[in-house]
Every structure is written in C-alpha cells, then in structure tokens.
Amino acid sequence: MSDKIYEPSNPCMQQGARNVLKYLSDITYDKIITGQHTQTMEQEELHLIEEKTGKKPALLGFELLSYSPNINYLDTDKECMDEIVGNNGTLKKAWEWAAEQGLITFTWHWFSPLYGRSKAFYTENTPYDPEKAATEGTPEYAAMIADLDVMAGILRPFCEKEIPILWRPFHESDGTWFWWGAKGAGPVKKLYRIMYERFVGIHHLNNLIWVWNSHIKEFYPGDDIVDVISVDLYTDKHVHTSYAEQYKVLTGITDTKKPVILGEVGVLPDPENVHDEKIGWASFMTWSLDFCKTEEYNTFEYLKKVYNSPNVVTKENLPGLYEAKLN
C-alpha cells in the first residue's frame, strides 16, 4: 500500500494488534492472506484444508453465537439448539490457535438482548428494536449494555494475554436480516459507536482491531472508530475472480486508506488475478460447513491451487506478529 504505518483508531492499541494491522497494510497488492471460518470444536474445515492442500489457513474465524447472554432456551427449535451446542466451548480452539501465533477473527451472531425466540439474531425472530437499543434510557439500551459487558468479560482474557483479534461486529449491517440492520444506517452506526466506546473507553480491550463490514457509504460509522473495512460476498458458484468491482465499491466508502479484506466469501477469489490486477484485498475468509466441506462452491482441486499459490499467505509462511503471553 505504502511505507506508511497506519495509525490505529485506538491510540492505546497493543503492539501485537498494531503489528497485525501494519502487516495487513504491508502485504496489500502483494499477497492475500488465506482464511477459514470454523464454528465447532471439530473444526472439520481446518482439517479438510490440511488434507486437501497440505497447508493451513493463516487466519481462522471463530463464532461467538453460543456466548450470547440472552438465548431463549424455552422457545427454540432443534436447528437452533444444534447450532448452539455445536458452537459451545469453541473459544478453547481460539486459544490453541493463538498459541501457534495464527491470526484470529471473531464473528458474533448476537442473539437479541431482549425478547426473541430460536435464532434471535435474525430480525424475523425478534421484535427487538435497534433504534430503541441506540437510545439511552430505554429497556432495549439497558439490555444491550448488559450484553456488551458480558461479552467484554469473555474477550478480556484475550486482551490480558495480548492476543490480537480482528473484531467484526454487526456484520452485514446494510442488510435487514439481522436485528441490528433492521432499521437502516442510523441505528447501526450508533450501535457500533456505543460498542466501540464501551469496549475501548471503559473495558480497555486494546487488543481489538476494529473491522467494519458494509460496502454502502451511508452506513460507514466513521474513520475514528474503524481500522479495517470489509465486505461479505456470496457470488456465482465456481466463478473465481479478483472481485475487482466489489473492491472498487467498498473502497469508495471512505477517502482514508485502510486495509481492505473479504470478511466472508462463499467462492474463493483468484489470487493470481488479485495480484496481477493490483486489487488490494489483504485477506479473505471462506465461510464454514458446505462452503468449505463440499465441492458445491469450490472444487478441492481449486482449493489446493489457491493454497499453493505464490500470491497467498498460509500459516506456513505467516511471520510471527505477536507473542501470546500464555504462561
């Protein structure tokens, strides 16, 4: 990108997190970091990638849905419970990945802080109002703050051990399918800022690298609280490109140069095209389950090609960017 070391939004950001942020900047236009989402203890996706490619992703994604404080166990269904049970305890795997100095990103399908049934991160399953949640003095606001404080406690040990986390809250915020995006740009921008100010200003979670996840300019919450910009892309099966058009749209949300990543993909990018076309994706993260474990979206042959490309970073050639203080 340039020789400039980009200043983090949080002036108290820990050195390990600063190193990761700088690395994302430094590799831009040169290489792209490989990433894979996992959401169960078995981490079948990680093992499949090792089996098919002989490599490991440099970045692993972990899911926090079962850590939501307000799961309604009395009004749910088997699909929801299966997902919660499968996700239980998975932060143990994040600790193991940190011990290997792997890159970590967290996704939180946040069950609504009040009301809701089944998978209450979906708008259709909760009447929880993000506009009221962003308004001090409401029951919705109080419930949200309580949830945030619980989550801060869950994240705190990672901060105490100086483990950098690419933190991507309120993902796909421009869609109405999740409760936080149900009322448009205004509320979700306020919610993101409330979380940022609480996590940074009150809980001092200085290991977090703040990732914004929307390609629409109207939704952008501000350069002062964003370190990395990202978008989630689910495109035509087996059509591998540089995602150049989507990159152009995403980088248009701010005039400030920030590292740019593919927060989630269903179909792998073409790392040669990304490199040759000078498209500045610093990383990608393939989603879990069938997006990785089957050949419905990407053949295993293409998966092997990507992971063995000279234009990617895998776990094997990822430099040590932080030292987890696990002892």
# chains A, B, ... in the order shown; residues from 1 in each chain; ligands from 1

$ select_by_dssp --residues "region 34-86 of chain A" --states "strand (DSSP E or B)" --output "PDB file with C-alpha atoms, in the first residue's frame"
ATOM      1  CA  GLY A  35      -8.640 -17.566   5.954  1.00  0.00           C
ATOM      2  CA  GLN A  36     -11.301 -20.045   7.017  1.00  0.00           C
ATOM      3  CA  HIS A  37     -14.293 -19.749   9.333  1.00  0.00           C
ATOM      4  CA  PRO A  57      -5.003 -21.040   6.564  1.00  0.00           C
ATOM      5  CA  LEU A  59      -6.394 -16.719   9.547  1.00  0.00           C
ATOM      6  CA  LEU A  60      -9.065 -18.652  11.441  1.00  0.00           C
ATOM      7  CA  GLY A  61     -12.530 -17.331  12.134  1.00  0.00           C
ATOM      8  CA  PHE A  62     -14.403 -18.211  15.314  1.00  0.00           C
ATOM      9  CA  GLU A  63     -18.108 -17.835  16.087  1.00  0.00           C
TER      10      GLU A  63
END

$ residues_around --residues "Glu272 (chain A)" --least-positions-apart "4" --cutoff "10 Å" --atoms "only C-alpha atoms" --output "number ranges by chain"
A: 31-32, 241-242, 276-278, 306, 309-312

$ closest_residue --among "A:Lys161, A:Lys56, A:Arg117, A:His240" --to "Ala99 (chain A)" --atoms "only C-alpha atoms"
A:Lys161

$ closest_residue --among "A:Trp110, A:Tyr234, A:Trp95, A:Trp167" --to "Thr123 (chain A)" --atoms "only C-alpha atoms"
A:Trp110

$ closest_atom_pairs --of "region 137-255 of chain A" --to "region 11-29 of chain A" --cutoff "9 Å" --atoms "only C-alpha atoms" --output "tab-separated table"
residue	atom	partner	partner_atom	distance
A:Cys159	CA	A:Gln14	CA	8.6
A:Glu162	CA	A:Gly16	CA	6.8
A:Ile163	CA	A:Gly16	CA	7.0
A:Pro164	CA	A:Ala17	CA	4.6
A:Ile165	CA	A:Ala17	CA	7.3
A:Leu166	CA	A:Ala17	CA	8.5
A:Val200	CA	A:Cys12	CA	8.7
A:His204	CA	A:Cys12	CA	8.4
A:Leu205	CA	A:Met13	CA	8.3
A:Asn206	CA	A:Met13	CA	4.6
A:Asn207	CA	A:Gln14	CA	5.5
A:Leu208	CA	A:Ala17	CA	6.9
A:Ile209	CA	A:Ala17	CA	6.5
A:Asp227	CA	A:Leu21	CA	7.8
A:Val228	CA	A:Leu21	CA	8.2

$ select_by_dssp --residues "region 53-260 of chain A" --states "alpha helix (DSSP H)" --output "ChimeraX atom specification"
/A:53,78-87,91-99,130-133,139-160,185-196,244-251

$ write_last_selection --atoms "C-alpha atoms" --output "PDB file, in the first residue's frame"
ATOM      1  CA  THR A  53      -3.799 -28.785   0.249  1.00  0.00           C
ATOM      2  CA  LYS A  78     -33.762 -28.245  17.107  1.00  0.00           C
ATOM      3  CA  GLU A  79     -31.875 -26.383  14.372  1.00  0.00           C
ATOM      4  CA  CYS A  80     -31.088 -23.527  16.722  1.00  0.00           C
ATOM      5  CA  MET A  81     -30.115 -25.814  19.610  1.00  0.00           C
ATOM      6  CA  ASP A  82     -27.884 -27.914  17.377  1.00  0.00           C
ATOM      7  CA  GLU A  83     -26.012 -24.787  16.329  1.00  0.00           C
ATOM      8  CA  ILE A  84     -25.666 -23.556  19.921  1.00  0.00           C
ATOM      9  CA  VAL A  85     -24.475 -26.931  21.206  1.00  0.00           C
ATOM     10  CA  GLY A  86     -22.055 -27.330  18.311  1.00  0.00           C
ATOM     11  CA  ASN A  87     -20.592 -23.894  18.988  1.00  0.00           C
ATOM     12  CA  LEU A  91     -13.044 -20.369  22.193  1.00  0.00           C
ATOM     13  CA  LYS A  92     -10.791 -23.138  23.504  1.00  0.00           C
ATOM     14  CA  LYS A  93      -9.813 -23.622  19.856  1.00  0.00           C
ATOM     15  CA  ALA A  94      -9.075 -19.894  19.541  1.00  0.00           C
ATOM     16  CA  TRP A  95      -6.662 -20.200  22.456  1.00  0.00           C
ATOM     17  CA  GLU A  96      -4.947 -23.125  20.752  1.00  0.00           C
ATOM     18  CA  TRP A  97      -4.650 -21.125  17.517  1.00  0.00           C
ATOM     19  CA  ALA A  98      -3.216 -18.186  19.453  1.00  0.00           C
ATOM     20  CA  ALA A  99      -0.557 -20.484  20.893  1.00  0.00           C
ATOM     21  CA  PRO A 130     -32.170  -1.320  17.209  1.00  0.00           C
ATOM     22  CA  GLU A 131     -33.416   2.269  17.199  1.00  0.00           C
ATOM     23  CA  LYS A 132     -34.524   1.908  20.819  1.00  0.00           C
ATOM     24  CA  ALA A 133     -31.343   0.000  21.624  1.00  0.00           C
ATOM     25  CA  PRO A 139     -35.068  -1.096  28.330  1.00  0.00           C
ATOM     26  CA  GLU A 140     -33.530  -2.073  24.989  1.00  0.00           C
ATOM     27  CA  TYR A 141     -30.488   0.109  25.668  1.00  0.00           C
ATOM     28  CA  ALA A 142     -30.024  -1.254  29.198  1.00  0.00           C
ATOM     29  CA  ALA A 143     -30.249  -4.844  27.935  1.00  0.00           C
ATOM     30  CA  MET A 144     -27.724  -4.141  25.192  1.00  0.00           C
ATOM     31  CA  ILE A 145     -25.234  -2.598  27.625  1.00  0.00           C
ATOM     32  CA  ALA A 146     -25.606  -5.617  29.897  1.00  0.00           C
ATOM     33  CA  ASP A 147     -24.850  -7.932  26.959  1.00  0.00           C
ATOM     34  CA  LEU A 148     -21.850  -5.840  25.951  1.00  0.00           C
ATOM     35  CA  ASP A 149     -20.410  -6.040  29.443  1.00  0.00           C
ATOM     36  CA  VAL A 150     -20.777  -9.830  29.449  1.00  0.00           C
ATOM     37  CA  MET A 151     -19.065 -10.073  26.073  1.00  0.00           C
ATOM     38  CA  ALA A 152     -16.289  -7.755  27.248  1.00  0.00           C
ATOM     39  CA  GLY A 153     -15.654 -10.210  30.065  1.00  0.00           C
ATOM     40  CA  ILE A 154     -15.402 -13.048  27.552  1.00  0.00           C
ATOM     41  CA  LEU A 155     -12.960 -11.053  25.418  1.00  0.00           C
ATOM     42  CA  ARG A 156     -10.888  -9.759  28.353  1.00  0.00           C
ATOM     43  CA  PRO A 157      -8.633 -12.827  28.775  1.00  0.00           C
ATOM     44  CA  PHE A 158      -7.508 -12.451  25.149  1.00  0.00           C
ATOM     45  CA  CYS A 159      -6.618  -8.838  25.904  1.00  0.00           C
ATOM     46  CA  GLU A 160      -4.760  -9.764  29.084  1.00  0.00           C
ATOM     47  CA  ALA A 185     -27.972   3.035   8.654  1.00  0.00           C
ATOM     48  CA  GLY A 186     -28.703   5.433  11.516  1.00  0.00           C
ATOM     49  CA  PRO A 187     -29.216   2.951  14.354  1.00  0.00           C
ATOM     50  CA  VAL A 188     -26.479   0.508  13.393  1.00  0.00           C
ATOM     51  CA  LYS A 189     -23.872   3.281  13.156  1.00  0.00           C
ATOM     52  CA  LYS A 190     -24.873   4.392  16.664  1.00  0.00           C
ATOM     53  CA  LEU A 191     -24.731   0.815  17.963  1.00  0.00           C
ATOM     54  CA  TYR A 192     -21.244   0.298  16.553  1.00  0.00           C
ATOM     55  CA  ARG A 193     -20.035   3.528  18.169  1.00  0.00           C
ATOM     56  CA  ILE A 194     -21.627   2.616  21.514  1.00  0.00           C
ATOM     57  CA  MET A 195     -19.850  -0.752  21.437  1.00  0.00           C
ATOM     58  CA  TYR A 196     -16.551   0.813  20.426  1.00  0.00           C
ATOM     59  CA  ALA A 244     -12.422  -6.023  -8.617  1.00  0.00           C
ATOM     60  CA  GLU A 245     -15.801  -4.313  -8.930  1.00  0.00           C
ATOM     61  CA  GLN A 246     -16.730  -5.108  -5.350  1.00  0.00           C
ATOM     62  CA  TYR A 247     -13.347  -3.796  -4.217  1.00  0.00           C
ATOM     63  CA  LYS A 248     -13.916  -0.510  -6.026  1.00  0.00           C
ATOM     64  CA  VAL A 249     -17.304  -0.065  -4.379  1.00  0.00           C
ATOM     65  CA  LEU A 250     -16.017  -0.915  -0.905  1.00  0.00           C
ATOM     66  CA  THR A 251     -13.031   1.427  -1.045  1.00  0.00           C
TER      67      THR A 251
END

$ residues_around --residues "Asn298 (chain A)" --least-positions-apart "2" --cutoff "10 Å" --atoms "only C-alpha atoms" --output "list of chain:residue names"
A:Lys237, A:His238, A:Val239, A:His240, A:Gly266, A:Val267, A:Leu268, A:Asp290, A:Phe291, A:Cys292, A:Lys293, A:Thr294, A:Glu295, A:Glu296, A:Phe300, A:Glu301, A:Tyr302, A:Leu303

$ atom_distance --atom1 "CA of Ile229 (chain A)" --atom2 "CA of Pro271 (chain A)"
19.3 Å

$ closest_residue --among "A:Lys183, A:Lys258, A:His109, A:His171" --to "Tyr128 (chain A)" --atoms "only C-alpha atoms"
A:Lys183

$ closest_atom_pairs --of "region 216-290 of chain A" --to "region 48-52 of chain A" --cutoff "12 Å" --atoms "only C-alpha atoms" --output "Markdown table"
| residue | atom | partner | partner_atom | distance |
| --- | --- | --- | --- | --- |
| A:Thr286 | CA | A:Ile49 | CA | 11.2 |
| A:Ser288 | CA | A:Leu48 | CA | 11.2 |
| A:Leu289 | CA | A:Leu48 | CA | 10.8 |
| A:Asp290 | CA | A:Leu48 | CA | 11.7 |

$ write_last_selection --atoms "C-alpha atoms" --output "PDB file, in the first residue's frame"
ATOM      1  CA  THR A 286     -14.219 -18.670   3.372  1.00  0.00           C
ATOM      2  CA  SER A 288     -17.850 -22.761   7.074  1.00  0.00           C
ATOM      3  CA  LEU A 289     -19.768 -26.002   6.534  1.00  0.00           C
ATOM      4  CA  ASP A 290     -20.755 -26.678   2.898  1.00  0.00           C
TER       5      ASP A 290
END

$ atom_distance --atom1 "CA of Pro113 (chain A)" --atom2 "CA of Ile225 (chain A)"
23.0 Å

$ closest_residue --among "A:Gly89, A:Gly116, A:Gly252, A:Gly102" --to "Leu74 (chain A)" --atoms "only C-alpha atoms"
A:Gly116

$ closest_residue --among "A:Ser283, A:Thr176, A:Thr138, A:Thr235" --to "Thr105 (chain A)" --atoms "only C-alpha atoms"
A:Ser283

$ residues_around --residues "Ser173 (chain A)" --least-positions-apart "3" --cutoff "7 Å" --atoms "only C-alpha atoms" --output "NGL selection string"
:A and (170 or 180-181 or 188 or 213-214)

$ write_last_selection --atoms "N, CA, C and O atoms" --output "short mmCIF file (atom, residue, chain, number, x, y, z; two decimals), in the first residue's frame"
data_model
loop_
_atom_site.label_atom_id
_atom_site.label_comp_id
_atom_site.auth_asym_id
_atom_site.auth_seq_id
_atom_site.Cartn_x
_atom_site.Cartn_y
_atom_site.Cartn_z
N PHE A 170 -21.51 -6.53 14.23
CA PHE A 170 -22.62 -6.02 13.39
C PHE A 170 -22.37 -6.31 11.91
O PHE A 170 -22.53 -5.45 11.05
N TRP A 180 -29.75 -5.94 14.03
CA TRP A 180 -29.04 -4.67 14.09
C TRP A 180 -29.17 -3.85 12.81
O TRP A 180 -28.99 -2.64 12.83
N GLY A 181 -29.51 -4.48 11.70
CA GLY A 181 -29.68 -3.74 10.46
C GLY A 181 -31.12 -3.49 10.08
O GLY A 181 -31.40 -2.91 9.02
N VAL A 188 -27.62 1.42 13.31
CA VAL A 188 -26.48 0.51 13.39
C VAL A 188 -25.17 1.28 13.53
O VAL A 188 -24.23 0.82 14.21
N ASN A 213 -18.05 -3.82 8.36
CA ASN A 213 -18.47 -4.82 7.39
C ASN A 213 -19.71 -4.37 6.61
O ASN A 213 -20.81 -4.85 6.84
N SER A 214 -19.50 -3.43 5.70
CA SER A 214 -20.55 -2.99 4.78
C SER A 214 -19.92 -2.21 3.65
O SER A 214 -18.96 -1.47 3.86
#
